[in-house]
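Data block below; observations after.
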Amino acid sequence: TVIQERILCDSIEEAVSKAVRKLDGAYSLILMSATKLIAVRDKYGFRPLCYGITPDGAYIAASESCALSAVGARFIRDIEPGEIVVFDETGVHSIKRGKVCRQSFCAFEYIYFARPDSYIEGVSVHASRKKAGELLAKRHPVQADVVIGVPDSGLDAALGYSARSGVPYGIGFIKNKYIGRTFISPGQDDRHNLVKIKLSPIKDTVCGKRVVMIDDSIVRGTTSAQIVRLLREA
């Protein structure tokens, strides 16, 4: 669509602006030409997008701030919903596309998708997960001997639950780092088998104890019973 619009427009910026007006959904886009880098965020702000600058003056756009840190870039800001940011030899240029809709950011970024060392919309992902655990402990207090989290995203929430409840925090599972997201596996049998390979309980932490298990990676809900079964067997 951008290429088709480019034929009718004077600039690539105008072509991108016309093309994205036709899109209605959740997306973050990065487009590159020989002389320009263009970052586009959807009008709802559903998906995150930010940019930063390296010590030698190169601009970088990414969906998470941790990607900037990994290459030594300094975070500048989040790209706003509905904004087009153009980076070229003259600097940084922002194009706003009129009135922005009510922002509808995906909460799952804070809960599950994003890395804990990222900041999204000025909020620390680690801090937001820890706060979620604190709120859970406040609303649902229980008598227990240990609090564990399901790696990786559940660990921060488990720390928060432990801090608020006073129940000691422990490492209950070891995660196989070579297994990816189990919820995107194509079949039910595959998802079950991958869970067995992905998570291994630490018996010394949980054996004979009342355990609070924090699992915020529930997508399909089909692996939850298996994780609990692994824990009970331990």
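Residues are referred to by chain and number: the chain letter is A, B, ... according to the order shown in the structure tokens, the number counts from 1 in that chain, and ligands are numbered separately from 1 in the order shown.
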(request) Would you kindly return, as a PyMOL selection string, each protein, DNA or RNA residue with an atom no farther than 12 Å from any atom of Ala58 in chain A, considering only C-alpha atoms and excluding same-chain residues fewer than 4 positions away? (result) chain A and resi 36-37+51-54+68+71-74+87-89+91-92
Residues just named, written with C-alpha atoms as a PDB file, in the first residue's frame:
```
ATOM      1  CA  LYS A  36      15.138   7.606   6.101  1.00  0.00           C
ATOM      2  CA  LEU A  37      13.851   5.567   9.022  1.00  0.00           C
ATOM      3  CA  TYR A  51      13.040   5.389  20.115  1.00  0.00           C
ATOM      4  CA  GLY A  52      16.462   6.387  21.385  1.00  0.00           C
ATOM      5  CA  ILE A  53      19.889   7.523  20.246  1.00  0.00           C
ATOM      6  CA  THR A  54      23.326   5.901  20.362  1.00  0.00           C
ATOM      7  CA  LEU A  68      17.853   0.241  23.209  1.00  0.00           C
ATOM      8  CA  VAL A  71      23.024  -1.631  22.046  1.00  0.00           C
ATOM      9  CA  GLY A  72      24.053   1.238  24.313  1.00  0.00           C
ATOM     10  CA  ALA A  73      21.379   3.654  23.114  1.00  0.00           C
ATOM     11  CA  ARG A  74      19.758   6.262  25.356  1.00  0.00           C
ATOM     12  CA  PHE A  87      14.418  10.126  11.111  1.00  0.00           C
ATOM     13  CA  ASP A  88      16.666  11.498   8.375  1.00  0.00           C
ATOM     14  CA  GLU A  89      19.892  13.445   7.917  1.00  0.00           C
ATOM     15  CA  GLY A  91      16.996  15.198  12.407  1.00  0.00           C
ATOM     16  CA  VAL A  92      13.725  13.893  13.863  1.00  0.00           C
TER      17      VAL A  92
END
```
(message) Considering only helix (DSSP H, G or I) as DSSP defines it on the backbone, what residues of range 90-217 of chain A qualify? List them as JSON, numbers by chain.
(response) {"A": [108, 109, 110, 111, 112, 113, 125, 126, 127, 128, 129, 130, 131, 132, 133, 134, 135, 136, 137, 138, 139, 153, 154, 155, 156, 157, 158, 159, 160, 161, 162, 163, 164, 165, 182, 183, 184, 188, 189, 190, 191, 192, 193, 194, 195, 196, 197, 198, 203, 204, 205, 206]}
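Minimum atom-to-atom distance to Gln103 in chain A, evaluated using only C-alpha atoms, belongs to A:Glu121 out of A:Asp145, A:Glu121, A:Asp152, A:Glu13.
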(request) Can you work out the spacing between CA of Asp156 in chain A and CA of Lys130 in chain A in Å, to one decimal? (result)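 Here the two named atoms are 5.0 Å from each other.
Non-sequential neighbours of Cys207 in chain A (distance at most 7 Å, separation of 3 or more positions within a chain, only C-alpha atoms) are Lys203, Asp204 and Ala234 of chain A.
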Written selection (C-alpha atoms) as a compact mmCIF listing (two decimals), in the first residue's frame:
```
# COMPACT_ATOMS: atom_id res chain seq x y z
CA LYS A 203 11.52 -30.46 45.44
CA ASP A 204 13.47 -28.96 48.35
CA ALA A 234 7.12 -32.81 43.83
```
(message) I'd like to know which residues of range 5-48 of chain A are strand (DSSP E or B) (by DSSP, run on the backbone); could you write them as an MDAnalysis selection string?
(response) chainID A and resid 28:32 37:41
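Proximity ranking of A:Ile218, A:Val211, A:Leu155, A:Ala67 relative to Lys131 in chain A places A:Leu155 first, based on only C-alpha atoms.
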Rows by chain and residue number, range 82-157 of chain A within 10 Å of range 17-26 of chain A, shortest pair, only C-alpha atoms, as a tab-separated table:
```
residue	atom	partner	partner_atom	distance
A:Gly82	CA	A:Val20	CA	9.1
A:Glu83	CA	A:Ser17	CA	9.5
A:Ile84	CA	A:Ser17	CA	7.5
A:Ile95	CA	A:Ser17	CA	8.2
A:Lys96	CA	A:Ser17	CA	9.2
A:Arg97	CA	A:Ser17	CA	7.7
A:Ser104	CA	A:Ala26	CA	9.5
A:Phe105	CA	A:Ala26	CA	9.5
A:Cys106	CA	A:Ala26	CA	9.4
```
Next, write the just-selected residues to a file, as a short mmCIF file (atom, residue, chain, number, x, y, z; two decimals), in the first residue's frame, keeping N, CA, C and O atoms as the atom set.
```cif
data_model
loop_
_atom_site.label_atom_id
_atom_site.label_comp_id
_atom_site.auth_asym_id
_atom_site.auth_seq_id
_atom_site.Cartn_x
_atom_site.Cartn_y
_atom_site.Cartn_z
N GLY A 82 -0.93 7.00 17.13
CA GLY A 82 -1.26 7.73 15.92
C GLY A 82 -0.15 8.59 15.37
O GLY A 82 -0.37 9.34 14.41
N GLU A 83 1.04 8.49 15.92
CA GLU A 83 2.15 9.36 15.50
C GLU A 83 3.04 8.66 14.49
O GLU A 83 3.28 7.45 14.56
N ILE A 84 3.54 9.43 13.54
CA ILE A 84 4.56 8.99 12.59
C ILE A 84 5.83 9.79 12.87
O ILE A 84 5.79 11.03 12.89
N ILE A 95 4.94 13.59 12.81
CA ILE A 95 3.71 13.87 12.07
C ILE A 95 2.54 13.34 12.89
O ILE A 95 2.47 12.15 13.19
N LYS A 96 1.65 14.22 13.29
CA LYS A 96 0.46 13.82 14.04
C LYS A 96 -0.71 13.74 13.08
O LYS A 96 -0.89 14.61 12.22
N ARG A 97 -1.53 12.71 13.25
CA ARG A 97 -2.63 12.47 12.31
C ARG A 97 -3.97 12.88 12.90
O ARG A 97 -4.90 12.08 12.99
N SER A 104 -5.94 2.55 23.94
CA SER A 104 -6.33 1.21 24.37
C SER A 104 -5.09 0.32 24.41
O SER A 104 -4.93 -0.60 23.63
N PHE A 105 -4.19 0.65 25.32
CA PHE A 105 -2.93 -0.09 25.41
C PHE A 105 -3.17 -1.52 25.89
O PHE A 105 -4.01 -1.77 26.76
N CYS A 106 -2.43 -2.47 25.32
CA CYS A 106 -2.58 -3.88 25.67
C CYS A 106 -1.93 -4.16 27.02
O CYS A 106 -0.70 -4.12 27.15
#
```
(request) Name the closest residue to Gly160 in chain A among the candidates A:Ser118, A:Ser224, A:Gln143, A:Ser128; distances are taken between atoms, counting only C-alpha atoms. (result)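 Result for the nearest residue to Gly160 in chain A: A:Ser128.
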